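**Q** My questions all concern the structure below.
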Amino acid sequence: MSSPVSKSPMKPVILARPEHCVSRKNISTAAIKVLYRLRDEGYTAYIAGGGVRDLLLDRHPKDFDIATDATPEQLRKIFRNCRLIGRRFRLAHILFRGEIIETATFRAPVPETDGEHNEKVFRTGEDGQVMRDNVFGTPEQDAFRRDFTINALFYSISDFSIIDYTGGLEDLEKKIIRVIGDPDKRFTEDPVRMIRAARFAGTLGFEIEKKAYDSICRNKDKLALAAPSRMYEEVQKLFFCGHAREVFHWLETTDLLHPMFRDFAHWIDEDKIRHDWVIQTLEQMGRWRKANLRVHPALLFALLFGEYHEFLAQQLVKAGASPFEAARDSVHQHLHGMCTNVRVPKQVIYQVSDIMTNQLRFERGKGKKPKRFMQHKAFLDAFLYFKFSAKTHNRNTELLAYWTGLRETKS
Ligand code: ATP
Ligand code: MG
């Protein structure tokens, strides 16, 4: 597989229904409805990407994305409950109660951008937004545009077969994350794919194929070129996937951690104890995820960077700041600085800062209107941080017992 776009039509590997384990029972009713409706209207309709991968691995898919030869306009006519979104590439969101089925028209390959011609053909007028993505293609072209072979499988509703153009079935068997096409080219085209490789390897317990791995090590600094808002979305997925520790392992071995979280990564390098704290945090995230507890972004960032923020705060206190100022400013300095790479929304930064400044209220302890603090909407996050930190460092045992007792008498 040398090129992401094969010039002549390629014969896919097709697994007929008796040859695979994917059953309609495990596909959401909403997705099935969309697939059948498209089929009945005469269109090709596939489940694509992560949904097929997870069904084949007997995992519970997060969602089901559909790929079809119906255009966005045709989709709008077929489905009343449809909203078109996206500027670079128009997608349809088909809305059901409690579920959105993302439906995309098969996409054509990204044209080479080295020719002037392409720039002109694919650039729109007013804001210069590059629209070259909005070119429709064949199922094969759509498969080859995807990131990894295991993410490029289709499930067809017409005969319930699995269609594999890129070798994804074999890589699922071998437990390998393999880039479609030349890794250097694909990672340069979209550097976020590098952290996606780490996420899939960590989550699925797969290896990153050697060429892809070496390419990440070579290209890791290109992560700085990715859009910071997209990085924020992908970073959350890294730590909310239920396998944060395993994902972190891949981020460390490939050294993606440095271009992603520069200051934090340097700080970890200086002392193994710091590393251990981070690992414990990641394990905690995994436990919460297994218990189906939703950790929102502010708590995630507060915990992940907690020890680092406490360290920065100590430096600020030494330089003359009050403990409150130090707790607040350490968070703001670090997270605002990080925004050039990973754009943490302002509101989230304020919430992280609240979690850290509120730690002082636990430490002040008993006499200071604890009941009022407990009624405050920021209390629970602050308490979760306090409890985690007390247990991990084996400190504040008495205070923790006091606050836990108060919470129990309240409920
Ligand atoms: P998850 O289960 O975490 O949602 P996923 O594989 O469904 O994993 P998504 O981010 O939801 O991942 O993307 C859906 C599909 O779109 C992927 O499976 C892949 O085929 C394709 N895709 C997503 N991001 C990229 C990218 N950066 N480059 C190429 N293809 C991509
Ligand atoms: Mg998905």
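Residues in the structure tokens are numbered from 1 in each chain, the chains being A, B, ... in the order shown, and ligands are numbered from 1 in the order shown.
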List all protein, DNA and RNA residues that have any atom at most 9 Å from ligand 2, counting only C-alpha atoms and all ligand atoms, and write the list as an MDAnalysis selection string.
**A** chainID A and resid 49:51 61:65
**Q** Could you give me, as a PDB file with all heavy atoms, in the first residue's frame, every polymer residue with an atom at most 8 Å away from an atom of ligand 1, counting only C-alpha atoms and all ligand atoms?
**A**
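Here's the written file result-v9.pdb:
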```
ATOM      1  N   ALA A  48     -19.300   3.513   8.530  1.00  0.00           N
ATOM      2  CA  ALA A  48     -17.875   3.682   8.219  1.00  0.00           C
ATOM      3  C   ALA A  48     -17.103   3.995   9.492  1.00  0.00           C
ATOM      4  O   ALA A  48     -17.675   4.442  10.488  1.00  0.00           O
ATOM      5  CB  ALA A  48     -17.726   4.839   7.234  1.00  0.00           C
ATOM      6  N   GLY A  49     -15.806   3.757   9.431  1.00  0.00           N
ATOM      7  CA  GLY A  49     -14.912   4.232  10.498  1.00  0.00           C
ATOM      8  C   GLY A  49     -15.002   3.452  11.794  1.00  0.00           C
ATOM      9  O   GLY A  49     -15.169   2.222  11.807  1.00  0.00           O
ATOM     10  N   GLY A  50     -14.926   4.220  12.901  1.00  0.00           N
ATOM     11  CA  GLY A  50     -14.798   3.625  14.238  1.00  0.00           C
ATOM     12  C   GLY A  50     -15.907   2.631  14.591  1.00  0.00           C
ATOM     13  O   GLY A  50     -15.655   1.667  15.320  1.00  0.00           O
ATOM     14  N   GLY A  51     -17.113   2.867  14.103  1.00  0.00           N
ATOM     15  CA  GLY A  51     -18.235   1.986  14.428  1.00  0.00           C
ATOM     16  C   GLY A  51     -17.973   0.560  13.957  1.00  0.00           C
ATOM     17  O   GLY A  51     -18.169  -0.402  14.710  1.00  0.00           O
ATOM     18  N   ARG A  53     -15.024  -0.768  13.127  1.00  0.00           N
ATOM     19  CA  ARG A  53     -13.841  -1.263  13.861  1.00  0.00           C
ATOM     20  C   ARG A  53     -14.262  -1.824  15.215  1.00  0.00           C
ATOM     21  O   ARG A  53     -13.917  -2.961  15.568  1.00  0.00           O
ATOM     22  CB  ARG A  53     -12.872  -0.076  14.050  1.00  0.00           C
ATOM     23  CG  ARG A  53     -11.633  -0.376  14.859  1.00  0.00           C
ATOM     24  CD  ARG A  53     -11.025   0.938  15.362  1.00  0.00           C
ATOM     25  NE  ARG A  53     -11.889   1.578  16.340  1.00  0.00           N
ATOM     26  CZ  ARG A  53     -12.035   2.901  16.458  1.00  0.00           C
ATOM     27  NH1 ARG A  53     -11.421   3.733  15.653  1.00  0.00           N
ATOM     28  NH2 ARG A  53     -12.836   3.398  17.393  1.00  0.00           N
ATOM     29  N   ASP A  54     -15.054  -1.058  15.971  1.00  0.00           N
ATOM     30  CA  ASP A  54     -15.413  -1.489  17.317  1.00  0.00           C
ATOM     31  C   ASP A  54     -16.346  -2.697  17.300  1.00  0.00           C
ATOM     32  O   ASP A  54     -16.225  -3.581  18.140  1.00  0.00           O
ATOM     33  CB  ASP A  54     -16.030  -0.322  18.093  1.00  0.00           C
ATOM     34  CG  ASP A  54     -14.982   0.733  18.442  1.00  0.00           C
ATOM     35  OD1 ASP A  54     -13.775   0.422  18.332  1.00  0.00           O
ATOM     36  OD2 ASP A  54     -15.349   1.856  18.807  1.00  0.00           O
ATOM     37  N   PRO A  61     -19.419   0.535  20.237  1.00  0.00           N
ATOM     38  CA  PRO A  61     -19.062   1.772  19.510  1.00  0.00           C
ATOM     39  C   PRO A  61     -19.645   3.011  20.189  1.00  0.00           C
ATOM     40  O   PRO A  61     -20.749   2.958  20.727  1.00  0.00           O
ATOM     41  CB  PRO A  61     -19.692   1.578  18.137  1.00  0.00           C
ATOM     42  CG  PRO A  61     -19.984   0.132  18.015  1.00  0.00           C
ATOM     43  CD  PRO A  61     -20.239  -0.358  19.404  1.00  0.00           C
ATOM     44  N   LYS A  62     -18.856   4.101  20.157  1.00  0.00           N
ATOM     45  CA  LYS A  62     -19.328   5.364  20.748  1.00  0.00           C
ATOM     46  C   LYS A  62     -20.481   5.916  19.927  1.00  0.00           C
ATOM     47  O   LYS A  62     -21.441   6.436  20.449  1.00  0.00           O
ATOM     48  CB  LYS A  62     -18.164   6.368  20.723  1.00  0.00           C
ATOM     49  CG  LYS A  62     -17.833   6.859  22.081  1.00  0.00           C
ATOM     50  CD  LYS A  62     -16.669   7.794  22.206  1.00  0.00           C
ATOM     51  CE  LYS A  62     -16.214   8.576  21.028  1.00  0.00           C
ATOM     52  NZ  LYS A  62     -14.783   8.852  21.050  1.00  0.00           N
ATOM     53  N   ASP A  63     -20.330   5.819  18.625  1.00  0.00           N
ATOM     54  CA  ASP A  63     -21.391   6.289  17.732  1.00  0.00           C
ATOM     55  C   ASP A  63     -21.239   5.611  16.373  1.00  0.00           C
ATOM     56  O   ASP A  63     -20.266   4.890  16.144  1.00  0.00           O
ATOM     57  CB  ASP A  63     -21.351   7.821  17.579  1.00  0.00           C
ATOM     58  CG  ASP A  63     -19.940   8.322  17.394  1.00  0.00           C
ATOM     59  OD1 ASP A  63     -19.136   7.581  16.788  1.00  0.00           O
ATOM     60  OD2 ASP A  63     -19.628   9.435  17.833  1.00  0.00           O
ATOM     61  N   PHE A  64     -22.213   5.857  15.502  1.00  0.00           N
ATOM     62  CA  PHE A  64     -22.175   5.238  14.172  1.00  0.00           C
ATOM     63  C   PHE A  64     -22.178   6.337  13.117  1.00  0.00           C
ATOM     64  O   PHE A  64     -23.123   7.128  13.053  1.00  0.00           O
ATOM     65  CB  PHE A  64     -23.392   4.331  13.976  1.00  0.00           C
ATOM     66  CG  PHE A  64     -23.372   3.144  14.899  1.00  0.00           C
ATOM     67  CD1 PHE A  64     -24.077   3.164  16.095  1.00  0.00           C
ATOM     68  CD2 PHE A  64     -22.630   2.015  14.577  1.00  0.00           C
ATOM     69  CE1 PHE A  64     -24.049   2.066  16.951  1.00  0.00           C
ATOM     70  CE2 PHE A  64     -22.592   0.919  15.428  1.00  0.00           C
ATOM     71  CZ  PHE A  64     -23.299   0.952  16.622  1.00  0.00           C
ATOM     72  N   ASP A  65     -21.117   6.390  12.336  1.00  0.00           N
ATOM     73  CA  ASP A  65     -21.065   7.364  11.252  1.00  0.00           C
ATOM     74  C   ASP A  65     -21.417   6.647   9.959  1.00  0.00           C
ATOM     75  O   ASP A  65     -21.012   5.505   9.739  1.00  0.00           O
ATOM     76  CB  ASP A  65     -19.659   7.967  11.131  1.00  0.00           C
ATOM     77  CG  ASP A  65     -19.288   8.741  12.381  1.00  0.00           C
ATOM     78  OD1 ASP A  65     -20.203   9.264  13.041  1.00  0.00           O
ATOM     79  OD2 ASP A  65     -18.091   8.806  12.716  1.00  0.00           O
ATOM     80  N   ALA A 143     -12.320   5.568   1.455  1.00  0.00           N
ATOM     81  CA  ALA A 143     -11.563   4.702   2.376  1.00  0.00           C
ATOM     82  C   ALA A 143     -10.109   5.158   2.453  1.00  0.00           C
ATOM     83  O   ALA A 143      -9.536   5.254   3.543  1.00  0.00           O
ATOM     84  CB  ALA A 143     -11.648   3.255   1.903  1.00  0.00           C
ATOM     85  N   ARG A 145      -8.829   8.007   2.049  1.00  0.00           N
ATOM     86  CA  ARG A 145      -8.635   9.318   2.692  1.00  0.00           C
ATOM     87  C   ARG A 145      -8.565   9.204   4.205  1.00  0.00           C
ATOM     88  O   ARG A 145      -8.159  10.127   4.898  1.00  0.00           O
ATOM     89  CB  ARG A 145      -9.837  10.207   2.389  1.00  0.00           C
ATOM     90  CG  ARG A 145      -9.722  11.001   1.153  1.00  0.00           C
ATOM     91  CD  ARG A 145     -10.776  12.068   1.199  1.00  0.00           C
ATOM     92  NE  ARG A 145     -10.608  12.912   2.375  1.00  0.00           N
ATOM     93  CZ  ARG A 145     -10.679  14.217   2.374  1.00  0.00           C
ATOM     94  NH1 ARG A 145     -10.904  14.852   1.280  1.00  0.00           N
ATOM     95  NH2 ARG A 145     -10.531  14.911   3.487  1.00  0.00           N
ATOM     96  N   ARG A 146      -9.026   8.098   4.739  1.00  0.00           N
ATOM     97  CA  ARG A 146      -9.097   7.963   6.199  1.00  0.00           C
ATOM     98  C   ARG A 146      -7.700   7.791   6.788  1.00  0.00           C
ATOM     99  O   ARG A 146      -6.740   7.639   6.058  1.00  0.00           O
ATOM    100  CB  ARG A 146     -10.052   6.825   6.553  1.00  0.00           C
ATOM    101  CG  ARG A 146     -11.475   7.191   6.179  1.00  0.00           C
ATOM    102  CD  ARG A 146     -12.473   6.087   6.315  1.00  0.00           C
ATOM    103  NE  ARG A 146     -13.767   6.545   5.821  1.00  0.00           N
ATOM    104  CZ  ARG A 146     -14.688   7.158   6.569  1.00  0.00           C
ATOM    105  NH1 ARG A 146     -14.488   7.327   7.857  1.00  0.00           N
ATOM    106  NH2 ARG A 146     -15.820   7.574   6.042  1.00  0.00           N
ATOM    107  N   ASP A 147      -7.616   7.855   8.125  1.00  0.00           N
ATOM    108  CA  ASP A 147      -6.286   7.911   8.732  1.00  0.00           C
ATOM    109  C   ASP A 147      -5.580   6.553   8.832  1.00  0.00           C
ATOM    110  O   ASP A 147      -4.466   6.382   8.353  1.00  0.00           O
ATOM    111  CB  ASP A 147      -6.324   8.624  10.103  1.00  0.00           C
ATOM    112  CG  ASP A 147      -7.464   8.171  10.997  1.00  0.00           C
ATOM    113  OD1 ASP A 147      -8.179   7.221  10.635  1.00  0.00           O
ATOM    114  OD2 ASP A 147      -7.625   8.764  12.080  1.00  0.00           O
ATOM    115  N   PHE A 148      -6.248   5.574   9.450  1.00  0.00           N
ATOM    116  CA  PHE A 148      -5.606   4.280   9.693  1.00  0.00           C
ATOM    117  C   PHE A 148      -6.435   3.169   9.046  1.00  0.00           C
ATOM    118  O   PHE A 148      -7.655   3.298   8.913  1.00  0.00           O
ATOM    119  CB  PHE A 148      -5.468   4.036  11.203  1.00  0.00           C
ATOM    120  CG  PHE A 148      -4.781   5.182  11.894  1.00  0.00           C
ATOM    121  CD1 PHE A 148      -5.473   6.025  12.762  1.00  0.00           C
ATOM    122  CD2 PHE A 148      -3.443   5.453  11.629  1.00  0.00           C
ATOM    123  CE1 PHE A 148      -4.841   7.105  13.356  1.00  0.00           C
ATOM    124  CE2 PHE A 148      -2.802   6.528  12.220  1.00  0.00           C
ATOM    125  CZ  PHE A 148      -3.501   7.364  13.085  1.00  0.00           C
ATOM    126  N   ILE A 150      -7.463   0.387  10.117  1.00  0.00           N
ATOM    127  CA  ILE A 150      -8.558  -0.170  10.924  1.00  0.00           C
ATOM    128  C   ILE A 150      -9.756   0.796  11.011  1.00  0.00           C
ATOM    129  O   ILE A 150     -10.823   0.411  11.463  1.00  0.00           O
ATOM    130  CB  ILE A 150      -8.095  -0.542  12.361  1.00  0.00           C
ATOM    131  CG1 ILE A 150      -7.532   0.681  13.078  1.00  0.00           C
ATOM    132  CG2 ILE A 150      -7.092  -1.682  12.342  1.00  0.00           C
ATOM    133  CD1 ILE A 150      -7.476   0.494  14.591  1.00  0.00           C
ATOM    134  N   ASN A 151      -9.551   2.039  10.591  1.00  0.00           N
ATOM    135  CA  ASN A 151     -10.644   3.029  10.613  1.00  0.00           C
ATOM    136  C   ASN A 151     -11.284   3.203   9.238  1.00  0.00           C
ATOM    137  O   ASN A 151     -12.057   4.132   9.040  1.00  0.00           O
ATOM    138  CB  ASN A 151     -10.112   4.398  11.054  1.00  0.00           C
ATOM    139  CG  ASN A 151      -9.838   4.448  12.541  1.00  0.00           C
ATOM    140  OD1 ASN A 151     -10.227   3.535  13.265  1.00  0.00           O
ATOM    141  ND2 ASN A 151      -9.185   5.501  12.990  1.00  0.00           N
ATOM    142  N   ALA A 152     -10.906   2.350   8.289  1.00  0.00           N
ATOM    143  CA  ALA A 152     -11.371   2.564   6.910  1.00  0.00           C
ATOM    144  C   ALA A 152     -12.262   1.430   6.429  1.00  0.00           C
ATOM    145  O   ALA A 152     -12.405   1.210   5.233  1.00  0.00           O
ATOM    146  CB  ALA A 152     -10.167   2.728   5.992  1.00  0.00           C
ATOM    147  N   LEU A 153     -12.865   0.705   7.365  1.00  0.00           N
ATOM    148  CA  LEU A 153     -13.724  -0.417   6.982  1.00  0.00           C
ATOM    149  C   LEU A 153     -15.164   0.056   6.813  1.00  0.00           C
ATOM    150  O   LEU A 153     -15.590   0.992   7.485  1.00  0.00           O
ATOM    151  CB  LEU A 153     -13.662  -1.494   8.074  1.00  0.00           C
ATOM    152  CG  LEU A 153     -12.269  -2.118   8.252  1.00  0.00           C
ATOM    153  CD1 LEU A 153     -12.153  -2.789   9.620  1.00  0.00           C
ATOM    154  CD2 LEU A 153     -12.009  -3.118   7.139  1.00  0.00           C
ATOM    155  N   ASP A 190      -1.955  16.306   8.185  1.00  0.00           N
ATOM    156  CA  ASP A 190      -2.761  16.551   9.386  1.00  0.00           C
ATOM    157  C   ASP A 190      -2.025  15.991  10.617  1.00  0.00           C
ATOM    158  O   ASP A 190      -2.130  14.806  10.926  1.00  0.00           O
ATOM    159  CB  ASP A 190      -4.134  15.888   9.241  1.00  0.00           C
ATOM    160  CG  ASP A 190      -4.998  16.117  10.471  1.00  0.00           C
ATOM    161  OD1 ASP A 190      -4.564  16.855  11.376  1.00  0.00           O
ATOM    162  OD2 ASP A 190      -6.108  15.560  10.534  1.00  0.00           O
ATOM    163  N   PRO A 191      -1.285  16.856  11.324  1.00  0.00           N
ATOM    164  CA  PRO A 191      -0.467  16.383  12.458  1.00  0.00           C
ATOM    165  C   PRO A 191      -1.281  15.768  13.597  1.00  0.00           C
ATOM    166  O   PRO A 191      -0.751  14.961  14.366  1.00  0.00           O
ATOM    167  CB  PRO A 191       0.248  17.650  12.931  1.00  0.00           C
ATOM    168  CG  PRO A 191       0.165  18.614  11.788  1.00  0.00           C
ATOM    169  CD  PRO A 191      -1.091  18.285  11.052  1.00  0.00           C
ATOM    170  N   VAL A 192      -2.576  16.134  13.698  1.00  0.00           N
ATOM    171  CA  VAL A 192      -3.399  15.567  14.769  1.00  0.00           C
ATOM    172  C   VAL A 192      -3.483  14.038  14.660  1.00  0.00           C
ATOM    173  O   VAL A 192      -3.684  13.329  15.644  1.00  0.00           O
ATOM    174  CB  VAL A 192      -4.818  16.218  14.732  1.00  0.00           C
ATOM    175  CG1 VAL A 192      -5.790  15.481  15.623  1.00  0.00           C
ATOM    176  CG2 VAL A 192      -4.732  17.681  15.144  1.00  0.00           C
ATOM    177  N   ARG A 193      -3.268  13.535  13.446  1.00  0.00           N
ATOM    178  CA  ARG A 193      -3.294  12.070  13.267  1.00  0.00           C
ATOM    179  C   ARG A 193      -2.271  11.386  14.160  1.00  0.00           C
ATOM    180  O   ARG A 193      -2.454  10.239  14.548  1.00  0.00           O
ATOM    181  CB  ARG A 193      -3.025  11.717  11.801  1.00  0.00           C
ATOM    182  CG  ARG A 193      -4.199  12.059  10.905  1.00  0.00           C
ATOM    183  CD  ARG A 193      -3.902  11.792   9.451  1.00  0.00           C
ATOM    184  NE  ARG A 193      -5.021  12.228   8.619  1.00  0.00           N
ATOM    185  CZ  ARG A 193      -4.902  12.778   7.425  1.00  0.00           C
ATOM    186  NH1 ARG A 193      -3.705  12.960   6.896  1.00  0.00           N
ATOM    187  NH2 ARG A 193      -5.962  13.159   6.746  1.00  0.00           N
ATOM    188  N   ARG A 196      -3.840  10.846  17.425  1.00  0.00           N
ATOM    189  CA  ARG A 196      -4.898   9.839  17.236  1.00  0.00           C
ATOM    190  C   ARG A 196      -4.286   8.431  17.230  1.00  0.00           C
ATOM    191  O   ARG A 196      -4.852   7.495  17.783  1.00  0.00           O
ATOM    192  CB  ARG A 196      -5.662  10.094  15.930  1.00  0.00           C
ATOM    193  CG  ARG A 196      -6.590  11.304  16.009  1.00  0.00           C
ATOM    194  CD  ARG A 196      -7.234  11.619  14.667  1.00  0.00           C
ATOM    195  NE  ARG A 196      -8.075  10.557  14.128  1.00  0.00           N
ATOM    196  CZ  ARG A 196      -9.352  10.328  14.463  1.00  0.00           C
ATOM    197  NH1 ARG A 196      -9.931  11.100  15.358  1.00  0.00           N
ATOM    198  NH2 ARG A 196     -10.041   9.350  13.908  1.00  0.00           N
ATOM    199  N   PHE A 200      -5.556   5.442  19.664  1.00  0.00           N
ATOM    200  CA  PHE A 200      -6.076   4.138  19.259  1.00  0.00           C
ATOM    201  C   PHE A 200      -5.183   3.014  19.781  1.00  0.00           C
ATOM    202  O   PHE A 200      -5.676   1.986  20.232  1.00  0.00           O
ATOM    203  CB  PHE A 200      -6.244   4.064  17.739  1.00  0.00           C
ATOM    204  CG  PHE A 200      -7.322   4.991  17.221  1.00  0.00           C
ATOM    205  CD1 PHE A 200      -7.047   5.969  16.281  1.00  0.00           C
ATOM    206  CD2 PHE A 200      -8.618   4.891  17.713  1.00  0.00           C
ATOM    207  CE1 PHE A 200      -8.042   6.827  15.821  1.00  0.00           C
ATOM    208  CE2 PHE A 200      -9.630   5.748  17.257  1.00  0.00           C
ATOM    209  CZ  PHE A 200      -9.336   6.720  16.306  1.00  0.00           C
ATOM    210  N   LYS A 237     -10.165  13.700  24.304  1.00  0.00           N
ATOM    211  CA  LYS A 237     -10.417  12.297  23.961  1.00  0.00           C
ATOM    212  C   LYS A 237      -9.289  11.403  24.468  1.00  0.00           C
ATOM    213  O   LYS A 237      -9.515  10.269  24.860  1.00  0.00           O
ATOM    214  CB  LYS A 237     -10.556  12.140  22.446  1.00  0.00           C
ATOM    215  CG  LYS A 237     -11.813  12.771  21.880  1.00  0.00           C
ATOM    216  CD  LYS A 237     -11.939  12.377  20.422  1.00  0.00           C
ATOM    217  CE  LYS A 237     -12.846  13.294  19.650  1.00  0.00           C
ATOM    218  NZ  LYS A 237     -12.764  13.054  18.211  1.00  0.00           N
ATOM    219  N   CYS A 241     -10.768   8.489  27.309  1.00  0.00           N
ATOM    220  CA  CYS A 241     -11.086   7.276  26.554  1.00  0.00           C
ATOM    221  C   CYS A 241     -11.176   6.039  27.439  1.00  0.00           C
ATOM    222  O   CYS A 241     -11.535   4.968  26.972  1.00  0.00           O
ATOM    223  CB  CYS A 241     -10.037   7.057  25.463  1.00  0.00           C
ATOM    224  SG  CYS A 241      -8.437   6.652  26.167  1.00  0.00           S
TER     225      CYS A 241
END
```
**Q** Any chance you could list, as a ChimeraX atom specification, the residues in stretch 113-359 of chain A that come up helix (DSSP H, G or I) when DSSP is run on the backbone?
**A** /A:116-122,139-145,149-151,168-174,183-189,192-204,210-225,228-240,244-253,257-260,262-269,272-290,297-304,306-318,323-338,346-359
**Q** Measuring atom to atom with only C-alpha atoms, identify which of A:Val344, A:Ala70, A:Ile162, A:Leu75 is nearest to A:Phe136.
**A**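 Of the candidates, the smallest distance to A:Phe136 is held by A:Ala70.
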**Q** Give me, as a PyMOL selection string, the residues of stretch 154-326 of chain A that a backbone DSSP run labels strand (DSSP E).
**A** chain A and resi 154-156+162-164+176-177+207-208
**Q** Could you state the separation of atom CA of A:Asp184 and atom CA of A:Thr166 in Å, given to one decimal place?
**A**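 Atom-to-atom, atom CA of A:Asp184 and atom CA of A:Thr166 are spaced 17.6 Å apart.
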**Q** At a cut-off of 12 Å, using only C-alpha atoms, what residues contact stretch 255-257 of chain A? Leave out same-chain residues fewer than 2 positions from it and give the result as a PyMOL selection string.
**A** chain A and resi 191-199+213-224+235+238+247-253+259-269+341
**Q** Of the candidates A:Leu312, A:Ala401, A:Met356, A:Ala226, which shows the shortest atom-to-atom distance to A:Cys339, using only C-alpha atoms?
**A** A:Ala226
**Q** I'd like the interatomic distance between atom CA of A:Thr188 and atom CA of A:Thr340, to a tenth of an Å.
**A**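 Rounded to one decimal, the two atoms are 18.7 Å apart.
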**Q** For A:Ser330, list every protein, DNA or RNA residue within 8 Å, evaluated using only C-alpha atoms, and leave out those in the same chain fewer than 2 positions away; present the list as number ranges by chain.
**A** A: 309-310, 312-313, 316, 326-328, 332-334
**Q** Generate a file of the selected residues that holds C-alpha atoms, formatted as a PDB file, in the first residue's frame.
**A**
```pdb
ATOM      1  CA  HIS A 309       0.167  23.929  39.361  1.00  0.00           C
ATOM      2  CA  GLU A 310       0.900  23.382  43.054  1.00  0.00           C
ATOM      3  CA  LEU A 312       4.233  26.741  40.309  1.00  0.00           C
ATOM      4  CA  ALA A 313       2.144  28.197  43.134  1.00  0.00           C
ATOM      5  CA  LEU A 316       4.968  32.330  43.385  1.00  0.00           C
ATOM      6  CA  ALA A 326      -0.416  31.964  43.840  1.00  0.00           C
ATOM      7  CA  ALA A 327      -3.056  29.217  43.416  1.00  0.00           C
ATOM      8  CA  ARG A 328      -4.972  31.376  40.947  1.00  0.00           C
ATOM      9  CA  HIS A 332      -3.735  31.123  34.562  1.00  0.00           C
ATOM     10  CA  GLN A 333      -0.072  31.424  33.605  1.00  0.00           C
ATOM     11  CA  HIS A 334       0.270  27.803  32.631  1.00  0.00           C
TER      12      HIS A 334
END
```
**Q** What does the distance between atom CA of A:Pro297 and atom CA of A:Gln351 come to in Å, to one decimal place?
**A**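 Taking atom CA of A:Pro297 and atom CA of A:Gln351, their separation equals 9.3 Å.
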**Q** Ranking A:Leu55, A:Phe79, A:Asp381, A:Phe187 by minimum distance to A:Leu172 and counting only C-alpha atoms, which one comes first?
**A**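 Ranked by minimum distance to A:Leu172, first place goes to A:Leu55.
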**Q** Contacts of A:Glu283 at 8 Å or less, counting only C-alpha atoms, minus same-chain residues fewer than 4 places along, as a list in words?
**A**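 Within the cut-off, the hits are Ala244, Arg245, Ile279 and Arg287 of chain A.
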**Q** From the list A:Val34, A:Leu57, A:Leu169, A:Val52, which residue is nearest A:Glu102 when using only C-alpha atoms?
**A**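 Closest to A:Glu102 of all the choices is A:Val34.
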**Q** Give me the residues near A:Glu363 as a PyMOL selection string, where near means some atom within 10 Å (using only C-alpha atoms) and where sequence neighbours in that chain fewer than 5 positions away do not count.
**A** chain A and resi 358+386+396+399-400
